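Reproduced below: input38.pdb, with PDB, C-alpha atoms.
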ATOM      1  CA  MET A  21      10.106   9.638  -0.119
ATOM      2  CA  ILE A  22       7.861   9.752   2.905
ATOM      3  CA  THR A  23       9.080  12.369   5.362
ATOM      4  CA  PRO A  24       8.618  11.930   9.129
ATOM      5  CA  LEU A  25       5.912  14.622   9.099
ATOM      6  CA  THR A  26       4.081  12.851   6.279
ATOM      7  CA  ARG A  27       4.257   9.595   8.255
ATOM      8  CA  VAL A  28       2.615  11.311  11.245
ATOM      9  CA  THR A  29      -0.065  12.816   9.002
ATOM     10  CA  LEU A  30      -0.738   9.479   7.336
ATOM     11  CA  LYS A  31      -1.005   7.585  10.637
ATOM     12  CA  ALA A  32      -3.248  10.214  12.258
ATOM     13  CA  PHE A  33      -5.466  10.365   9.168
ATOM     14  CA  LEU A  34      -5.893   6.585   9.054
ATOM     15  CA  ALA A  35      -6.694   6.505  12.762
ATOM     16  CA  ALA A  36      -9.343   9.200  12.267
ATOM     17  CA  VAL A  37     -10.907   7.262   9.384
ATOM     18  CA  CYS A  38     -10.936   4.046  11.438
ATOM     19  CA  ALA A  39     -12.646   5.854  14.316
ATOM     20  CA  LEU A  40     -15.548   7.076  12.164
ATOM     21  CA  GLU A  41     -19.017   5.735  12.821
ATOM     22  CA  GLU A  42     -20.147   6.036   9.200
ATOM     23  CA  SER A  43     -18.736   6.694   5.758
ATOM     24  CA  LEU A  44     -17.537  10.099   4.638
ATOM     25  CA  PRO A  45     -19.382  12.254   2.085
ATOM     26  CA  ASP A  46     -18.694  11.417  -1.569
ATOM     27  CA  ALA A  47     -16.795  14.672  -2.175
ATOM     28  CA  VAL A  48     -14.355  13.891   0.645
ATOM     29  CA  GLN A  49     -13.997  10.305  -0.579
ATOM     30  CA  ALA A  50     -13.090  11.640  -4.027
ATOM     31  CA  GLU A  51     -10.389  13.896  -2.525
ATOM     32  CA  ILE A  52      -8.937  10.963  -0.600
ATOM     33  CA  ARG A  53      -8.881   8.790  -3.756
ATOM     34  CA  THR A  54      -7.043  11.575  -5.588
ATOM     35  CA  VAL A  55      -4.410  11.643  -2.838
ATOM     36  CA  GLY A  56      -4.105   7.853  -3.080
ATOM     37  CA  GLN A  57      -3.592   8.066  -6.845
ATOM     38  CA  THR A  58      -1.135  10.971  -6.826
ATOM     39  CA  GLY A  59       0.775  10.061  -3.664
ATOM     40  CA  GLU A  60       0.470  13.617  -2.302
ATOM     41  CA  TYR A  61      -0.043  12.354   1.254
ATOM     42  CA  GLY A  62       0.644  15.768   2.778
ATOM     43  CA  ARG A  63      -2.787  16.857   1.492
ATOM     44  CA  LEU A  64      -4.453  14.495   3.972
ATOM     45  CA  ASP A  65      -3.822  17.039   6.736
ATOM     46  CA  ALA A  66      -5.967  19.673   4.994
ATOM     47  CA  ILE A  67      -8.668  17.117   4.198
ATOM     48  CA  ALA A  68      -8.839  15.984   7.844
ATOM     49  CA  ARG A  69      -8.860  19.524   9.234
ATOM     50  CA  ASN A  70     -11.612  20.631   6.815
ATOM     51  CA  CYS A  71     -13.890  17.626   7.344
ATOM     52  CA  PRO A  72     -16.005  17.939  10.524
ATOM     53  CA  GLN A  73     -16.338  14.148  10.856
ATOM     54  CA  LEU A  74     -12.548  13.679  10.879
ATOM     55  CA  THR A  75     -11.192  16.768  12.642
ATOM     56  CA  PRO A  76     -11.629  15.890  16.359
ATOM     57  CA  THR A  77     -10.216  12.366  16.086
ATOM     58  CA  TYR A  78      -7.468  13.469  13.703
ATOM     59  CA  ILE A  79      -6.287  16.110  16.173
ATOM     60  CA  GLN A  80      -6.480  13.592  19.043
ATOM     61  CA  ALA A  81      -4.387  11.121  17.040
ATOM     62  CA  ARG A  82      -1.799  13.791  16.151
ATOM     63  CA  LYS A  83      -1.495  14.721  19.817
ATOM     64  CA  ALA A  84      -1.047  11.066  20.771
ATOM     65  CA  LEU A  85       1.655  10.697  18.114
ATOM     66  CA  ASN A  86       3.455  13.859  19.233
ATOM     67  CA  ARG A  87       3.295  13.083  22.961
ATOM     68  CA  PRO A  88       6.652  11.212  23.203
ATOM     69  CA  SER A  89       8.544  14.118  21.636
ATOM     70  CA  GLN A  90       6.802  16.615  23.900
ATOM     71  CA  GLU A  91       7.674  14.644  27.029
ATOM     72  CA  ARG A  92      11.346  14.244  26.206
ATOM     73  CA  ASN A  93      13.680  15.789  28.790
ATOM     74  CA  LYS A  94      10.879  17.274  30.860
ATOM     75  CA  GLY A  95      11.581  17.690  34.536
ATOM     76  CA  GLY A  96      14.888  15.879  34.655
ATOM     77  CA  ASP A  97      16.734  18.679  36.408
ATOM     78  CA  PHE A  98      13.891  20.249  38.343
ATOM     79  CA  PRO A  99      11.533  17.931  40.231
ATOM     80  CA  PRO A 100       8.011  19.320  40.651
ATOM     81  CA  ASP A 101       7.213  21.284  43.781
ATOM     82  CA  ASP A 102       4.252  19.560  45.412
ATOM     83  CA  THR A 103       4.057  21.988  48.319
ATOM     84  CA  PRO A 104       0.387  22.943  48.758
ATOM     85  CA  ASP A 105      -0.559  26.571  48.321
ATOM     86  CA  PRO A 106      -2.177  27.634  51.624
ATOM     87  CA  LEU A 107      -4.150  30.431  49.945
ATOM     88  CA  ASN A 108      -5.754  28.220  47.304
ATOM     89  CA  THR A 109      -8.927  26.563  48.611
ATOM     90  CA  GLU A 110      -9.964  25.117  45.246
ATOM     91  CA  THR A 111      -8.926  21.751  43.932
ATOM     92  CA  ASP A 112      -8.205  20.972  40.322
ATOM     93  CA  ASN A 113     -10.307  18.342  38.590
ATOM     94  CA  LEU A 114      -7.640  16.251  36.929
ATOM     95  CA  ALA A 115      -9.839  13.257  36.131
ATOM     96  CA  ARG A 116      -9.662  12.199  32.497
ATOM     97  CA  ASN A 117     -11.030   9.349  30.442
ATOM     98  CA  ILE A 118      -7.810   7.523  29.638
ATOM     99  CA  ASP A 119      -9.522   4.431  28.214
ATOM    100  CA  ASN A 120     -10.333   6.270  24.991
ATOM    101  CA  LEU A 121      -6.732   7.399  24.596
ATOM    102  CA  LYS A 122      -5.532   3.864  25.290
ATOM    103  CA  ASP A 123      -7.695   2.522  22.469
ATOM    104  CA  MET A 124      -6.483   5.285  20.139
ATOM    105  CA  GLN A 125      -2.904   4.399  21.038
ATOM    106  CA  GLU A 126      -3.549   0.740  20.238
ATOM    107  CA  LEU A 127      -4.934   1.736  16.832
ATOM    108  CA  LEU A 128      -1.941   3.983  16.144
ATOM    109  CA  ASP A 129       0.390   1.155  17.178
ATOM    110  CA  ALA A 130      -1.323  -1.224  14.719
ATOM    111  CA  ILE A 131      -0.938   1.333  11.912
ATOM    112  CA  GLU A 132       2.713   1.856  12.872
ATOM    113  CA  ARG A 133       3.355  -1.905  12.795
ATOM    114  CA  GLU A 134       1.873  -2.073   9.296
ATOM    115  CA  MET A 135       4.036   0.813   8.106
ATOM    116  CA  ARG A 136       7.169  -0.554   9.738
ATOM    117  CA  GLY A 137       6.523  -4.127   8.578
ATOM    118  CA  THR A 138       6.732  -3.105   4.932
ATOM    119  CA  GLU A 139       9.713  -0.787   5.253
ATOM    120  CA  ALA A 140       7.585   2.336   4.830
ATOM    121  CA  ASP A 141      10.616   4.440   5.726
ATOM    122  CA  GLY A 142      11.389   4.163   2.035
ATOM    123  CA  PRO A 143       9.572   5.795  -0.856
ATOM    124  CA  GLU A 144       6.563   3.459  -0.775
ATOM    125  CA  VAL A 145       3.416   3.349   1.295
ATOM    126  CA  PRO A 146       2.290  -0.140   2.364
ATOM    127  CA  GLU A 147      -0.198  -1.835   0.067
ATOM    128  CA  LYS A 148      -2.894  -1.966   2.784
ATOM    129  CA  ILE A 149      -2.717   1.793   3.256
ATOM    130  CA  GLU A 150      -2.752   2.448  -0.493
ATOM    131  CA  ARG A 151      -5.803   0.204  -0.678
ATOM    132  CA  ILE A 152      -7.593   2.304   1.944
ATOM    133  CA  LEU A 153      -6.763   5.600   0.241
ATOM    134  CA  GLY A 154      -7.776   4.329  -3.196
ATOM    135  CA  ALA A 155     -11.061   2.699  -2.165
ATOM    136  CA  GLU A 156     -14.525   3.919  -3.096
ATOM    137  CA  ASP A 157     -15.338   3.871   0.625
ATOM    138  CA  CYS A 158     -12.108   4.294   2.583
ATOM    139  CA  PHE A 159     -14.010   3.920   5.883
ATOM    140  CA  ALA A 160     -15.216   0.390   5.079
ATOM    141  CA  ILE A 161     -11.774  -0.817   3.985
ATOM    142  CA  ALA A 162     -10.026   0.878   6.921
ATOM    143  CA  ARG A 163     -12.381  -0.760   9.427
ATOM    144  CA  GLU A 164     -11.850  -4.114   7.719
ATOM    145  CA  LEU A 165      -8.048  -3.860   7.804
ATOM    146  CA  PHE A 166      -7.738  -2.115  11.199
ATOM    147  CA  PRO A 167     -10.776  -3.206  13.254
ATOM    148  CA  TYR A 168     -11.312  -0.402  15.745
ATOM    149  CA  ARG A 169     -14.392   0.098  17.862
ATOM    150  CA  PRO A 170     -14.206   3.277  19.919
ATOM    151  CA  LEU A 171     -15.652   3.120  23.410
ATOM    152  CA  ALA A 172     -19.111   4.600  23.822
TER     153      ALA A 172
END

I need this file expressed as structure tokens, please.
Amino acid sequence: MITPLTRVTLKAFLAAVCALEESLPDAVQAEIRTVGQTGEYGRLDAIARNCPQLTPTYIQARKALNRPSQERNKGGDFPPDDTPDPLNTETDNLARNIDNLKDMQELLDAIEREMRGTEADGPEVPEKIERILGAEDCFAIARELFPYRPLA
């Protein structure tokens, strides 16, 4: 059975693989194939966090997946106080590149649709995702199945 945490790990891992610019080292590929064969999808978290090519995008994807639960019930009872502080002469730089996050969200949505479309709430992982995890080069198959081109 795929737990909700395993689903998040699986989606974030796939998003990180799709966002790569080149294939992973052979040793990492072998670990991923082992996970695909054994179905121990929880191990993907350790693989992503220990692989420098995957870590930044994996963490970004996990944050994007966790955002709705973090925003739940925030500020409902206490509206923000926008009164300026007369003693503070500095301004905060709140500018962010939201285009990159938007593209990541679109990728995560595509992965979610694939998982939901095959009733992945049950004990099975969709065939496309199993194919990625079992491939010799998971990057090539992931990019073929979930075409994602990160912004430069």

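The closest residue to A:Met135, picked from A:Gln57, A:Leu74, A:Lys148, A:Glu51 and counting all atoms listed in the file, is A:Lys148.
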
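Atom pair atom CA of A:Arg82 / atom CA of A:Ala32 has a distance of 5.5 Å (rounded to one decimal).
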
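The spacing separating atom CA of A:Gly56 from atom CA of A:Gly154 amounts to 5.1 Å.
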
Discussion item. Quick check on the file I pasted: which residues fall under the PyMOL selection byres ((chain A and resi 160-168) around 8)? Write them as a PyMOL selection string.
Written reply: chain A and resi 34+37-39+43+127+130-131+148+151-152+155+157-159+169-170

Dump of C-alpha atoms for the selected residues, as a compact mmCIF listing (two decimals), in the frame of the given file:
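Result file is out35.txt:
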# COMPACT_ATOMS: atom_id res chain seq x y z
CA LEU A 34 -5.89 6.58 9.05
CA VAL A 37 -10.91 7.26 9.38
CA CYS A 38 -10.94 4.05 11.44
CA ALA A 39 -12.65 5.85 14.32
CA SER A 43 -18.74 6.69 5.76
CA LEU A 127 -4.93 1.74 16.83
CA ALA A 130 -1.32 -1.22 14.72
CA ILE A 131 -0.94 1.33 11.91
CA LYS A 148 -2.89 -1.97 2.78
CA ARG A 151 -5.80 0.20 -0.68
CA ILE A 152 -7.59 2.30 1.94
CA ALA A 155 -11.06 2.70 -2.16
CA ASP A 157 -15.34 3.87 0.62
CA CYS A 158 -12.11 4.29 2.58
CA PHE A 159 -14.01 3.92 5.88
CA ARG A 169 -14.39 0.10 17.86
CA PRO A 170 -14.21 3.28 19.92

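Of the listed residues (A:Val145, A:Ile67, A:Gly62, A:Leu30), A:Ile67 comes nearest to A:Ala47; the distances count all atoms listed in the file.
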
Taking all listed atoms of stretch 30-41 of chain A, build the axis-aligned box, pad each of the six sides by 8 Å, then write its centre and edge lengths in Å to one decimal as AutoDock Vina command-line options.
--center_x -9.9 --center_y 7.2 --center_z 10.8 --size_x 34.3 --size_y 22.3 --size_z 23.0

Worksheet item: Restricting the calculation to only C-alpha atoms, which member of A:Met124, A:Pro45, A:Glu60, A:Arg53 is positioned closest to A:Tyr78?
Response: A:Met124
